[in-house]
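Heads up, target-v3.tsv below (TSV, C-alpha atoms and all ligand atoms):
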```
chain	number	residue	atom	x	y	z
A	1	MET	CA	-2.46	-16.54	1.03
A	2	ASN	CA	-2.09	-20.35	1.18
A	3	ILE	CA	-4.08	-21.64	4.12
A	4	LEU	CA	-4.30	-25.18	5.49
A	5	ILE	CA	-7.45	-26.13	7.41
A	6	THR	CA	-7.22	-29.45	9.21
A	7	GLY	CA	-10.67	-30.84	9.92
A	8	GLY	CA	-11.88	-28.72	6.99
A	9	ALA	CA	-14.67	-31.13	6.00
A	10	GLY	CA	-16.30	-30.89	9.43
A	11	PHE	CA	-19.07	-28.62	10.63
A	12	ILE	CA	-17.04	-25.51	11.54
A	13	GLY	CA	-14.20	-26.32	9.11
A	14	SER	CA	-16.46	-26.33	6.05
A	15	HIS	CA	-17.82	-22.87	6.92
A	16	LEU	CA	-14.26	-21.62	7.46
A	17	CYS	CA	-13.16	-23.02	4.05
A	18	GLU	CA	-16.05	-21.17	2.42
A	19	PHE	CA	-15.34	-17.90	4.26
A	20	LEU	CA	-11.63	-17.89	3.36
A	21	LEU	CA	-12.26	-18.85	-0.28
A	22	ASN	CA	-14.62	-15.88	-0.52
A	23	ASN	CA	-11.76	-13.79	0.88
A	24	GLY	CA	-9.61	-14.83	-2.10
A	25	ASP	CA	-7.31	-17.25	-0.26
A	26	LYS	CA	-6.10	-20.64	-1.53
A	27	ILE	CA	-7.37	-23.38	0.74
A	28	ILE	CA	-6.10	-26.86	1.44
A	29	CYS	CA	-8.71	-28.83	3.33
A	30	MET	CA	-7.15	-31.78	5.16
A	31	ASP	CA	-9.44	-34.35	6.75
A	32	ASN	CA	-9.59	-38.05	7.62
A	33	PHE	CA	-13.41	-38.01	7.25
A	34	PHE	CA	-14.03	-39.53	10.66
A	35	THR	CA	-16.83	-37.06	11.40
A	36	GLY	CA	-16.37	-34.78	8.39
A	37	ARG	CA	-18.33	-35.37	5.20
A	38	ILE	CA	-17.73	-34.78	1.49
A	39	ARG	CA	-21.19	-33.27	1.20
A	40	ASN	CA	-20.13	-30.42	3.54
A	41	ILE	CA	-17.56	-29.26	0.96
A	42	LYS	CA	-19.08	-30.54	-2.29
A	43	HIS	CA	-20.16	-27.02	-3.34
A	44	LEU	CA	-16.50	-25.87	-3.10
A	45	GLU	CA	-14.98	-28.65	-5.18
A	46	ASP	CA	-14.99	-26.76	-8.52
A	47	ASN	CA	-13.23	-23.72	-7.07
A	48	PRO	CA	-9.67	-23.71	-8.47
A	49	ASN	CA	-8.42	-22.29	-5.15
A	50	PHE	CA	-9.76	-25.28	-3.21
A	51	LYS	CA	-7.95	-28.58	-2.75
A	52	VAL	CA	-8.84	-31.55	-0.54
A	53	ILE	CA	-6.18	-33.81	0.96
A	54	PRO	CA	-7.51	-36.91	2.72
A	55	HIS	CA	-5.05	-37.37	5.58
A	56	ASP	CA	-5.00	-38.23	9.28
A	57	ILE	CA	-2.99	-35.67	11.27
A	58	THR	CA	-1.68	-38.42	13.53
A	59	GLN	CA	0.64	-39.12	10.57
A	60	PRO	CA	3.28	-36.51	9.58
A	61	LEU	CA	2.09	-33.78	7.21
A	62	ARG	CA	5.36	-32.92	5.46
A	63	ASN	CA	5.12	-35.53	2.69
A	64	VAL	CA	1.49	-34.84	1.82
A	65	VAL	CA	1.47	-31.03	1.59
A	66	LYS	CA	3.89	-29.73	-1.02
A	67	GLU	CA	2.81	-26.07	-1.14
A	68	HIS	CA	4.25	-23.37	1.09
A	69	ILE	CA	1.65	-22.68	3.77
A	70	ASP	CA	1.19	-19.23	5.34
A	71	GLN	CA	-1.47	-20.06	7.92
A	72	ILE	CA	-2.89	-23.21	9.52
A	73	TYR	CA	-6.18	-23.56	11.37
A	74	ASN	CA	-6.03	-26.79	13.37
A	75	LEU	CA	-9.61	-28.03	13.76
A	76	ALA	CA	-8.98	-31.76	13.32
A	77	CYS	CA	-10.64	-33.51	16.27
A	78	PRO	CA	-14.09	-35.02	16.79
A	79	ALA	CA	-16.06	-32.47	18.77
A	80	SER	CA	-19.33	-33.95	20.04
A	81	PRO	CA	-19.33	-36.09	23.21
A	82	VAL	CA	-20.79	-39.05	21.28
A	83	HIS	CA	-18.08	-38.85	18.60
A	84	TYR	CA	-15.07	-38.11	20.80
A	85	GLN	CA	-16.01	-40.91	23.20
A	86	PHE	CA	-16.55	-43.39	20.33
A	87	ASP	CA	-12.79	-44.04	20.25
A	88	PRO	CA	-11.22	-42.10	23.12
A	89	ILE	CA	-7.69	-43.24	22.26
A	90	GLU	CA	-7.99	-41.79	18.73
A	91	THR	CA	-9.29	-38.55	20.26
A	92	ILE	CA	-6.24	-38.31	22.51
A	93	LYS	CA	-3.96	-39.17	19.59
A	94	ALA	CA	-5.44	-36.35	17.47
A	95	ASN	CA	-4.71	-33.91	20.28
A	96	THR	CA	-1.19	-35.13	21.07
A	97	LEU	CA	0.50	-36.91	18.13
A	98	GLY	CA	-1.70	-35.01	15.68
A	99	VAL	CA	-0.99	-31.63	17.27
A	100	ILE	CA	2.77	-32.34	17.33
A	101	ASN	CA	2.62	-33.19	13.60
A	102	VAL	CA	0.76	-29.95	12.87
A	103	LEU	CA	3.22	-27.91	14.95
A	104	GLU	CA	6.25	-29.59	13.33
A	105	PHE	CA	4.81	-28.82	9.92
A	106	ALA	CA	4.21	-25.19	10.94
A	107	LYS	CA	7.81	-24.97	12.18
A	108	LEU	CA	9.13	-26.35	8.89
A	109	ASN	CA	7.05	-23.89	6.85
A	110	GLY	CA	7.29	-20.87	9.13
A	111	SER	CA	3.45	-20.85	9.18
A	112	ARG	CA	1.25	-19.09	11.69
A	113	VAL	CA	-0.90	-21.75	13.38
A	114	LEU	CA	-4.19	-21.46	15.27
A	115	GLN	CA	-5.48	-24.09	17.68
A	116	ALA	CA	-9.22	-24.66	18.03
A	117	SER	CA	-9.35	-25.24	21.76
A	118	THR	CA	-12.56	-25.45	23.71
A	119	SER	CA	-14.59	-24.35	26.71
A	120	GLU	CA	-14.28	-28.01	27.80
A	121	ILE	CA	-10.82	-27.20	29.13
A	122	TYR	CA	-12.72	-25.45	31.99
A	123	GLY	CA	-14.47	-28.78	32.77
A	124	ASP	CA	-17.42	-28.39	35.16
A	125	PRO	CA	-16.58	-24.78	36.04
A	126	GLU	CA	-16.79	-23.26	39.52
A	127	ILE	CA	-16.20	-19.78	38.09
A	128	HIS	CA	-19.06	-18.25	36.13
A	129	PRO	CA	-18.87	-16.85	33.51
A	130	GLN	CA	-15.59	-18.46	32.47
A	131	VAL	CA	-12.63	-16.11	32.00
A	132	GLU	CA	-9.41	-17.15	30.26
A	133	THR	CA	-7.44	-16.96	33.53
A	134	TYR	CA	-9.62	-19.69	35.12
A	135	ARG	CA	-7.67	-22.96	35.19
A	136	GLY	CA	-10.64	-25.31	35.13
A	137	ASN	CA	-12.14	-28.26	36.94
A	138	VAL	CA	-11.63	-31.40	34.83
A	139	ASN	CA	-11.97	-35.01	35.99
A	140	THR	CA	-8.87	-36.67	34.51
A	141	LEU	CA	-10.45	-40.13	34.84
A	142	GLY	CA	-13.94	-39.55	33.43
A	143	PRO	CA	-15.37	-40.32	29.98
A	144	ARG	CA	-14.96	-36.70	28.80
A	145	ALA	CA	-11.26	-36.58	29.75
A	146	CYS	CA	-10.02	-37.92	26.39
A	147	TYR	CA	-11.29	-34.67	24.87
A	148	ASP	CA	-10.85	-32.24	27.77
A	149	GLU	CA	-7.37	-33.37	28.76
A	150	GLY	CA	-6.44	-33.85	25.11
A	151	LYS	CA	-7.35	-30.24	24.37
A	152	ARG	CA	-5.52	-29.09	27.51
A	153	VAL	CA	-2.29	-30.82	26.48
A	154	ALA	CA	-2.74	-29.43	22.95
A	155	GLU	CA	-2.74	-25.90	24.41
A	156	THR	CA	0.40	-26.79	26.38
A	157	LEU	CA	2.12	-28.09	23.24
A	158	PHE	CA	1.23	-24.91	21.36
A	159	MET	CA	2.68	-22.74	24.15
A	160	ASP	CA	5.84	-24.86	24.38
A	161	TYR	CA	6.49	-24.66	20.62
A	162	HIS	CA	5.91	-20.92	20.90
A	163	ARG	CA	8.39	-20.55	23.78
A	164	LYS	CA	10.99	-22.99	22.48
A	165	TYR	CA	10.90	-22.26	18.72
A	166	ASN	CA	9.24	-18.85	18.68
A	167	LEU	CA	6.45	-20.41	16.59
A	168	ASN	CA	3.75	-17.93	15.63
A	169	ILE	CA	0.70	-19.41	17.40
A	170	ARG	CA	-2.87	-18.44	18.29
A	171	ILE	CA	-5.18	-20.25	20.74
A	172	VAL	CA	-8.96	-19.80	20.83
A	173	ARG	CA	-11.34	-21.50	23.25
A	174	ILE	CA	-14.56	-22.15	21.36
A	175	PHE	CA	-17.86	-22.41	23.28
A	176	ASN	CA	-20.92	-24.35	22.03
A	177	THR	CA	-21.43	-23.56	18.36
A	178	TYR	CA	-24.37	-24.55	16.15
A	179	GLY	CA	-25.65	-24.08	12.62
A	180	PRO	CA	-26.15	-25.75	9.24
A	181	ARG	CA	-23.94	-28.81	8.52
A	182	MET	CA	-23.94	-30.10	12.08
A	183	ALA	CA	-24.04	-33.87	11.65
A	184	GLU	CA	-27.51	-35.34	12.17
A	185	ASN	CA	-26.07	-38.15	14.31
A	186	ASP	CA	-23.47	-36.26	16.37
A	187	GLY	CA	-25.58	-36.41	19.53
A	188	ARG	CA	-25.19	-32.70	20.31
A	189	VAL	CA	-28.16	-31.03	21.87
A	190	ILE	CA	-29.11	-28.68	19.01
A	191	SER	CA	-28.91	-31.31	16.25
A	192	ASN	CA	-30.62	-33.93	18.43
A	193	PHE	CA	-33.53	-31.67	19.40
A	194	ILE	CA	-34.10	-30.38	15.85
A	195	VAL	CA	-34.01	-33.87	14.31
A	196	GLN	CA	-36.29	-35.24	17.04
A	197	ALA	CA	-38.71	-32.33	16.64
A	198	LEU	CA	-38.84	-32.57	12.84
A	199	LYS	CA	-39.55	-36.31	13.09
A	200	ASN	CA	-42.12	-35.75	15.88
A	201	LYS	CA	-40.12	-38.07	18.14
A	202	ASP	CA	-39.59	-37.57	21.88
A	203	ILE	CA	-37.20	-34.74	22.74
A	204	THR	CA	-34.57	-36.18	25.06
A	205	VAL	CA	-33.59	-33.75	27.81
A	206	PHE	CA	-30.75	-35.15	29.91
A	207	GLY	CA	-31.15	-34.61	33.66
A	208	ASP	CA	-33.79	-32.06	34.67
A	209	GLY	CA	-32.71	-29.66	31.92
A	210	SER	CA	-31.55	-26.96	34.35
A	211	GLN	CA	-27.93	-27.14	33.12
A	212	THR	CA	-26.97	-24.16	30.97
A	213	ARG	CA	-25.05	-23.53	27.76
A	214	SER	CA	-24.52	-20.42	25.62
A	215	PHE	CA	-24.91	-21.09	21.90
A	216	CYS	CA	-23.02	-19.24	19.18
A	217	TYR	CA	-24.07	-19.29	15.53
A	218	VAL	CA	-21.34	-20.69	13.25
A	219	LYS	CA	-21.09	-17.58	11.04
A	220	ASP	CA	-20.19	-15.44	14.06
A	221	LEU	CA	-17.68	-18.04	15.24
A	222	VAL	CA	-15.90	-18.18	11.86
A	223	GLN	CA	-15.50	-14.39	11.89
A	224	GLY	CA	-13.96	-14.71	15.37
A	225	LEU	CA	-11.49	-17.38	14.16
A	226	TYR	CA	-10.46	-15.13	11.28
A	227	ASN	CA	-10.04	-12.05	13.51
A	228	MET	CA	-7.96	-14.07	15.97
A	229	MET	CA	-5.65	-15.41	13.27
A	230	ASN	CA	-5.05	-11.97	11.79
A	231	GLN	CA	-4.00	-9.94	14.83
A	232	ASP	CA	-1.00	-10.11	17.16
A	233	TYR	CA	-2.29	-11.53	20.44
A	234	VAL	CA	-1.35	-15.20	21.06
A	235	GLY	CA	-4.27	-15.99	23.38
A	236	PRO	CA	-5.99	-17.92	24.71
A	237	VAL	CA	-9.17	-16.03	23.83
A	238	ASN	CA	-12.73	-17.26	24.48
A	239	LEU	CA	-15.06	-17.23	21.46
A	240	GLY	CA	-18.74	-17.74	22.13
A	241	ASN	CA	-22.12	-16.17	22.63
A	242	THR	CA	-22.96	-14.83	26.12
A	243	ASN	CA	-26.66	-15.57	25.80
A	244	GLU	CA	-26.94	-18.31	28.48
A	245	THR	CA	-29.97	-20.63	28.35
A	246	THR	CA	-31.13	-23.76	30.17
A	247	ILE	CA	-31.42	-26.95	28.13
A	248	ILE	CA	-35.12	-27.28	28.94
A	249	GLU	CA	-35.65	-23.80	27.51
A	250	ILE	CA	-33.87	-24.89	24.30
A	251	ALA	CA	-36.15	-27.94	24.06
A	252	LYS	CA	-39.25	-25.73	24.36
A	253	LYS	CA	-38.01	-23.18	21.82
A	254	ILE	CA	-37.14	-25.82	19.23
A	255	THR	CA	-40.50	-27.56	19.69
A	256	ASN	CA	-42.17	-24.22	19.21
A	257	TYR	CA	-40.17	-23.07	16.14
A	258	THR	CA	-40.64	-26.42	14.38
A	259	LYS	CA	-44.35	-26.56	15.34
A	260	SER	CA	-43.62	-30.12	16.43
A	261	SER	CA	-45.97	-32.46	18.28
A	262	SER	CA	-42.98	-34.06	20.08
A	263	LYS	CA	-43.13	-34.64	23.85
A	264	ILE	CA	-40.24	-33.62	26.09
A	265	ILE	CA	-38.90	-36.59	28.07
A	266	PHE	CA	-36.19	-36.70	30.73
A	267	ASN	CA	-33.26	-39.16	30.52
A	268	SER	CA	-30.33	-39.58	32.88
A	269	LEU	CA	-27.58	-36.96	32.89
A	270	PRO	CA	-24.27	-38.16	31.39
A	271	GLU	CA	-21.29	-38.42	33.76
A	272	ASP	CA	-19.34	-35.16	34.32
A	273	ASP	CA	-21.86	-33.11	32.32
A	274	PRO	CA	-21.00	-29.45	33.10
A	275	LYS	CA	-23.79	-27.71	35.07
A	276	GLN	CA	-23.22	-24.26	33.64
A	277	ARG	CA	-21.29	-22.64	30.81
A	278	LYS	CA	-21.04	-19.08	29.59
A	279	PRO	CA	-18.02	-17.29	28.16
A	280	ASP	CA	-16.62	-14.02	29.37
A	281	ILE	CA	-15.75	-12.42	26.02
A	282	SER	CA	-14.20	-9.15	27.27
A	283	LEU	CA	-10.83	-10.21	25.85
A	284	ALA	CA	-12.30	-11.05	22.41
A	285	LYS	CA	-14.00	-7.65	22.34
A	286	GLU	CA	-10.80	-5.86	23.33
A	287	LYS	CA	-8.23	-7.77	21.25
A	288	LEU	CA	-10.28	-8.91	18.24
A	289	ASN	CA	-12.98	-6.26	18.14
A	290	TRP	CA	-15.34	-9.24	17.96
A	291	GLU	CA	-18.70	-10.16	19.43
A	292	PRO	CA	-21.52	-12.33	18.09
A	293	LYS	CA	-24.19	-10.57	16.02
A	294	ILE	CA	-26.71	-13.33	15.28
A	295	ASN	CA	-29.32	-13.98	17.95
A	296	PHE	CA	-30.62	-17.44	18.84
A	297	GLU	CA	-33.97	-17.08	17.10
A	298	GLU	CA	-32.36	-16.10	13.80
A	299	GLY	CA	-29.62	-18.75	14.01
A	300	ILE	CA	-31.87	-21.60	15.07
A	301	LYS	CA	-34.38	-20.88	12.29
A	302	LYS	CA	-31.58	-21.11	9.68
A	303	THR	CA	-30.41	-24.35	11.29
A	304	ILE	CA	-33.93	-25.81	11.28
A	305	GLU	CA	-34.25	-24.93	7.57
A	306	TYR	CA	-30.98	-26.77	6.89
A	307	PHE	CA	-32.16	-29.92	8.66
A	308	LYS	CA	-35.55	-29.77	6.92
A	309	SER	CA	-33.80	-29.87	3.54
A	310	SER	CA	-31.11	-32.40	4.44
A	311	LEU	CA	-32.95	-35.01	6.52
A	312	SER	CA	-33.31	-38.33	4.77
A	401	LIG	P1	-16.55	-31.90	13.51
A	401	LIG	O1	-16.48	-33.24	14.12
A	401	LIG	O2	-17.66	-31.59	12.58
A	401	LIG	O3	-15.19	-31.57	12.74
A	401	LIG	C1	-13.95	-32.13	13.06
A	401	LIG	C2	-13.27	-32.53	11.75
A	401	LIG	O4	-11.98	-33.07	12.04
A	401	LIG	C3	-14.04	-33.61	11.00
A	401	LIG	O5	-14.11	-33.25	9.64
A	401	LIG	C4	-13.20	-34.87	11.21
A	401	LIG	O6	-13.34	-35.81	10.17
A	401	LIG	C5	-11.82	-34.27	11.30
A	401	LIG	N1	-10.85	-35.10	12.02
A	401	LIG	C6	-11.01	-35.71	13.23
A	401	LIG	N2	-9.87	-36.36	13.59
A	401	LIG	C7	-8.98	-36.15	12.57
A	401	LIG	C8	-7.64	-36.57	12.33
A	401	LIG	N3	-7.00	-37.32	13.23
A	401	LIG	N4	-7.03	-36.17	11.18
A	401	LIG	C9	-7.68	-35.41	10.26
A	401	LIG	N5	-8.95	-34.99	10.44
A	401	LIG	C10	-9.60	-35.35	11.57
A	401	LIG	O7	-16.51	-30.85	14.70
A	401	LIG	P2	-16.64	-29.26	14.71
A	401	LIG	O8	-17.77	-28.93	15.58
A	401	LIG	O9	-16.57	-28.72	13.35
A	401	LIG	O10	-15.32	-28.87	15.52
A	401	LIG	C11	-14.15	-28.39	14.87
A	401	LIG	C12	-13.10	-28.05	15.93
A	401	LIG	O11	-13.60	-27.06	16.80
A	401	LIG	C13	-12.70	-29.25	16.79
A	401	LIG	O12	-11.31	-29.20	17.02
A	401	LIG	C14	-13.45	-29.01	18.09
A	401	LIG	O13	-12.79	-29.56	19.19
A	401	LIG	C15	-13.50	-27.48	18.14
A	401	LIG	N6	-14.65	-27.03	18.94
A	401	LIG	C16	-15.92	-27.14	18.46
A	401	LIG	C17	-16.99	-26.72	19.24
A	401	LIG	C18	-18.41	-26.80	18.76
A	401	LIG	O14	-19.33	-26.44	19.50
A	401	LIG	N7	-18.68	-27.22	17.55
A	401	LIG	C19	-16.76	-26.23	20.54
A	401	LIG	C20	-15.45	-26.18	21.00
A	401	LIG	C21	-14.40	-26.56	20.19
A	402	LIG	N1	-28.24	-32.80	26.03
A	402	LIG	C1	-29.57	-33.15	26.22
A	402	LIG	N2	-30.17	-33.96	25.31
A	402	LIG	C2	-29.53	-34.42	24.20
A	402	LIG	C3	-28.17	-34.05	23.99
A	402	LIG	C4	-27.56	-33.24	24.94
A	402	LIG	O1	-30.19	-32.74	27.22
A	402	LIG	O2	-30.17	-35.13	23.41
A	402	LIG	C5	-27.59	-31.94	27.03
A	402	LIG	C6	-26.24	-32.45	27.52
A	402	LIG	O3	-26.42	-33.33	28.61
A	402	LIG	C7	-25.57	-31.13	27.93
A	402	LIG	C8	-26.12	-30.12	26.93
A	402	LIG	O4	-27.32	-30.69	26.41
A	402	LIG	O5	-25.96	-30.75	29.23
A	402	LIG	C9	-25.16	-29.80	25.79
A	402	LIG	O6	-24.76	-31.03	25.23
A	402	LIG	P1	-23.86	-31.13	23.93
A	402	LIG	O7	-23.52	-32.57	23.75
A	402	LIG	O8	-24.50	-30.42	22.79
A	402	LIG	O9	-22.56	-30.27	24.26
A	402	LIG	P2	-21.59	-30.21	25.54
A	402	LIG	O10	-22.09	-31.08	26.63
A	402	LIG	O11	-20.29	-30.66	25.00
A	402	LIG	O12	-21.63	-28.79	25.91
```
Starting from the coordinates I provided, produce the structure as structure tokens.
Amino acid sequence: MNILITGGAGFIGSHLCEFLLNNGDKIICMDNFFTGRIRNIKHLEDNPNFKVIPHDITQPLRNVVKEHIDQIYNLACPASPVHYQFDPIETIKANTLGVINVLEFAKLNGSRVLQASTSEIYGDPEIHPQVETYRGNVNTLGPRACYDEGKRVAETLFMDYHRKYNLNIRIVRIFNTYGPRMAENDGRVISNFIVQALKNKDITVFGDGSQTRSFCYVKDLVQGLYNMMNQDYVGPVNLGNTNETTIIEIAKKITNYTKSSSKIIFNSLPEDDPKQRKPDISLAKEKLNWEPKINFEEGIKKTIEYFKSSLS
């Protein structure tokens, strides 16, 4: 199958490229390299089934992709709060203009197209754990809104193309994912804590560390994306690990696993930081026969090994 992955040089995208190449598919990796990196996909470059197209999805796709495309995974969007707030207008453009370009291209090609949505569409949730029927609690005016509202309108666009043009769509809501090839400077909690611990620098817990997240290892997530694409249910479906942990607990575990002499310090909590997050994955189990298999200890040790070998 010919598969287009937008955002394919990013953290999740590069693992998805690898997974699908191993499956025997032909992959076009499209990326504008805003947060993606050549080194994430360097090991795939010699594979004759792998092609890279540098392109920004806010520009039309039809003149840059000549092949017939069977499936599209739309991952093109900066994902960490530091990166998506760096240029909020570009983040909104990726999720509006960019998503329209991807959908138009899918319409032209008759491709099936999957949107990488996010748990952020639930905002600071009042329902716990979050089920797909929950409509969310997002501040439209806050610093996270460029991403949260962008991803919400992207879901709306996907549903409208589906209703109006009968486009073959899939929507997944991805919860916090971690693993090798996270960018060292993306400001996310797992990469920050590991880099700080390995350099014996202070570990920066924001707030009192009682806020929770549920972390999914990237290999599990990629399997979930694949299962979602290759079944009949449109979605949305939550993909994430249900193992909920406080941020202070994560700081302690990473200090421990890295045998670091770092101190834990407490900084102010960013505006609109969700207090709790945990997916209800009943739908993913039922429709995709999917649930995560890799526990936190195993996943975090692999991630620490990656940062040990890649840190400059
Ligand atoms: P990432 O920043 O590593 O990857 C995003 C990729 O998209 C990068 O390679 C970047 O260069 C590219 N990109 C950004 N804007 C683009 C544009 N306009 N045109 C072309 N390429 C563009 O992030 P990630 O963690 O790999 O996330 C991938 C997708 O999954 C994103 O859509 C994100 O919103 C979603 N997601 C991720 C998580 C997570 O925990 N990692 C959680 C929820 C949703
Ligand atoms: N966080 C933290 N220290 C850091 C980076 C993040 O305490 O150095 C906190 C952040 O405030 C949030 C949680 O960890 O409560 C997860 O943050 P991340 O940016 O990884 O993801 P998101 O907020 O998008 O879930």
Check your understanding: Which residues, written as a PyMOL selection string, have at least one atom at most 9 Å from Gly299 in chain A, with only C-alpha atoms counted and residues fewer than 2 positions away on the same chain left out?
Key -> chain A and resi 178-179+216-218+294-297+301-304
Point to revise | Expected residue set, 9 Å radius at (4.7, -20.9, 18.9), all atoms listed in the file, as a PyMOL selection string | key: chain A and resi 103+107+112-113+157-170+234
Kindly assemble as JSON lines a list of the range 130-212 of chain A residues that lie within 7 Å of range 277-284 of chain A, each paired with its nearest atom pair and their distance in Å to one decimal, using only C-alpha atoms, sorted first by chain and then by ascending residue number.
```
{"residue": "A:Gln130", "atom": "CA", "partner": "A:Pro279", "partner_atom": "CA", "distance": 5.1}
{"residue": "A:Val131", "atom": "CA", "partner": "A:Asp280", "partner_atom": "CA", "distance": 5.2}
{"residue": "A:Thr212", "atom": "CA", "partner": "A:Arg277", "partner_atom": "CA", "distance": 5.9}
```
**Study point:** Residue nearest Ser14 in chain A - candidates A:Lys26, A:His43, A:Lys293, A:Arg62, atoms counted: all atoms listed in the file
**Key:** A:His43
Per-residue nearest contacts of chain A to ligand LIG 402 (chain A) (7 Å; only C-alpha atoms and all ligand atoms) as a tab-separated table:
```
residue	atom	partner	partner_atom	distance
A:Ser80	CA	A:LIG402	O7	5.8
A:Pro81	CA	A:LIG402	O7	5.5
A:Asn176	CA	A:LIG402	O12	5.9
A:Gly187	CA	A:LIG402	C3	5.7
A:Arg188	CA	A:LIG402	O8	3.4
A:Val189	CA	A:LIG402	C3	3.7
A:Ile190	CA	A:LIG402	O8	6.2
A:Asn192	CA	A:LIG402	O2	5.1
A:Phe193	CA	A:LIG402	O2	6.3
A:Thr204	CA	A:LIG402	O2	4.8
A:Val205	CA	A:LIG402	O1	3.6
A:Phe206	CA	A:LIG402	O1	3.7
A:Gly207	CA	A:LIG402	O1	6.8
A:Gly209	CA	A:LIG402	O1	6.2
A:Gln211	CA	A:LIG402	O5	5.7
A:Thr212	CA	A:LIG402	O5	6.9
A:Arg213	CA	A:LIG402	O12	6.5
A:Ile247	CA	A:LIG402	O4	5.8
A:Leu269	CA	A:LIG402	O3	5.7
A:Pro270	CA	A:LIG402	O3	6.0
A:Asp273	CA	A:LIG402	O5	5.7
A:Pro274	CA	A:LIG402	O5	6.4
A:Lys275	CA	A:LIG402	O5	6.9
```
Practice item. List all protein, DNA and RNA residues that have at least one atom no more than 6 Å from any atom of ligand LIG 401 (chain A), counting all atoms listed in the file, and write them as a PyMOL selection string. Key: chain A and resi 6-13+31-36+55-58+75-79+94+116-118+174-177
Revision key, fill the gap. Separating CA of Ser309 in chain A from CA of Ile194 in chain A, to the nearest tenth of an Å, is a gap of 12.3 Å
Point to revise | For His128 in chain A, the nearest of the candidates A:Gln231, A:Thr242, A:Lys201, A:Gly224, counting all atoms listed in the file | key: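 Under the stated criterion, the closest residue is A:Thr242.
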Check your understanding: So which residues touch Asp148 in chain A within 9 Å, counting only C-alpha atoms, skipping near sequence neighbours fewer than 2 positions away, as a list in words?
Key -> Thr118, Ser119, Glu120, Ile121, Tyr122, Gly123, Val138, Asn139, Thr140, Arg144, Ala145, Cys146, Gly150, Lys151, Arg152 and Val153 of chain A
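The gap separating CA of Gln85 in chain A from CA of Ile3 in chain A is 29.6 Å, in Å to one decimal.
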**Study point:** Nearest residue to Pro292 in chain A from the set A:Gly240, A:Gly110, A:Pro88, A:Gly24 (distances using all atoms listed in the file)
**Key:**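 Looking at the shortest contact to Pro292 in chain A, the residue is A:Gly240.
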**Study point:** CA of Cys29 in chain A to CA of Asn109 in chain A, distance in Å rounded to a single decimal
**Key:**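 Separating CA of Cys29 in chain A from CA of Asn109 in chain A is a distance of 16.9 Å.
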Point to revise | Proximity to Val102 in chain A - best of A:His68, A:Ile127, A:Gln59, A:Gly136, only C-alpha atoms | key: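 Closest to Val102 in chain A, using only C-alpha atoms: A:Gln59.
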Review point. Which residue, A:Phe50, A:Phe86, A:Phe215, A:Phe19, has the smallest gap to Glu244 in chain A when you use all atoms listed in the file?
Key: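 Of A:Phe50, A:Phe86, A:Phe215, A:Phe19, the one nearest Glu244 in chain A is A:Phe215, counting all atoms listed in the file.
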Study note, to complete from the structure: Using all atoms listed in the file, the best pick from A:Trp290, A:Tyr73, A:Phe266, A:Tyr257 as closest to Leu198 in chain A would be A:Tyr257
Since the input is missing atoms, can you rebuild N, CA and C atoms for range 205-215 of chain A and write them as a compact mmCIF listing (two decimals), in the frame of the given file?
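This is the output file out04.txt:
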```
# COMPACT_ATOMS: atom_id res chain seq x y z
N VAL A 205 -34.35 -34.63 26.91
CA VAL A 205 -33.59 -33.75 27.81
C VAL A 205 -32.84 -34.63 28.80
N PHE A 206 -31.54 -34.38 28.94
CA PHE A 206 -30.75 -35.15 29.91
C PHE A 206 -30.76 -34.44 31.26
N GLY A 207 -31.00 -35.22 32.33
CA GLY A 207 -31.15 -34.61 33.66
C GLY A 207 -32.47 -33.86 33.72
N ASP A 208 -32.52 -32.82 34.57
CA ASP A 208 -33.79 -32.06 34.67
C ASP A 208 -33.82 -30.87 33.71
N GLY A 209 -32.74 -30.73 32.92
CA GLY A 209 -32.71 -29.66 31.92
C GLY A 209 -32.33 -28.30 32.49
N SER A 210 -31.90 -28.26 33.76
CA SER A 210 -31.55 -26.96 34.35
C SER A 210 -30.10 -26.55 34.05
N GLN A 211 -29.31 -27.50 33.49
CA GLN A 211 -27.93 -27.14 33.12
C GLN A 211 -27.97 -26.10 32.00
N THR A 212 -26.95 -25.25 31.96
CA THR A 212 -26.97 -24.16 30.97
C THR A 212 -25.83 -24.28 29.96
N ARG A 213 -26.07 -23.71 28.79
CA ARG A 213 -25.05 -23.53 27.76
C ARG A 213 -25.34 -22.18 27.10
N SER A 214 -24.36 -21.69 26.32
CA SER A 214 -24.52 -20.42 25.62
C SER A 214 -24.15 -20.70 24.17
N PHE A 215 -25.09 -20.58 23.27
CA PHE A 215 -24.91 -21.09 21.90
C PHE A 215 -24.57 -19.98 20.91
```
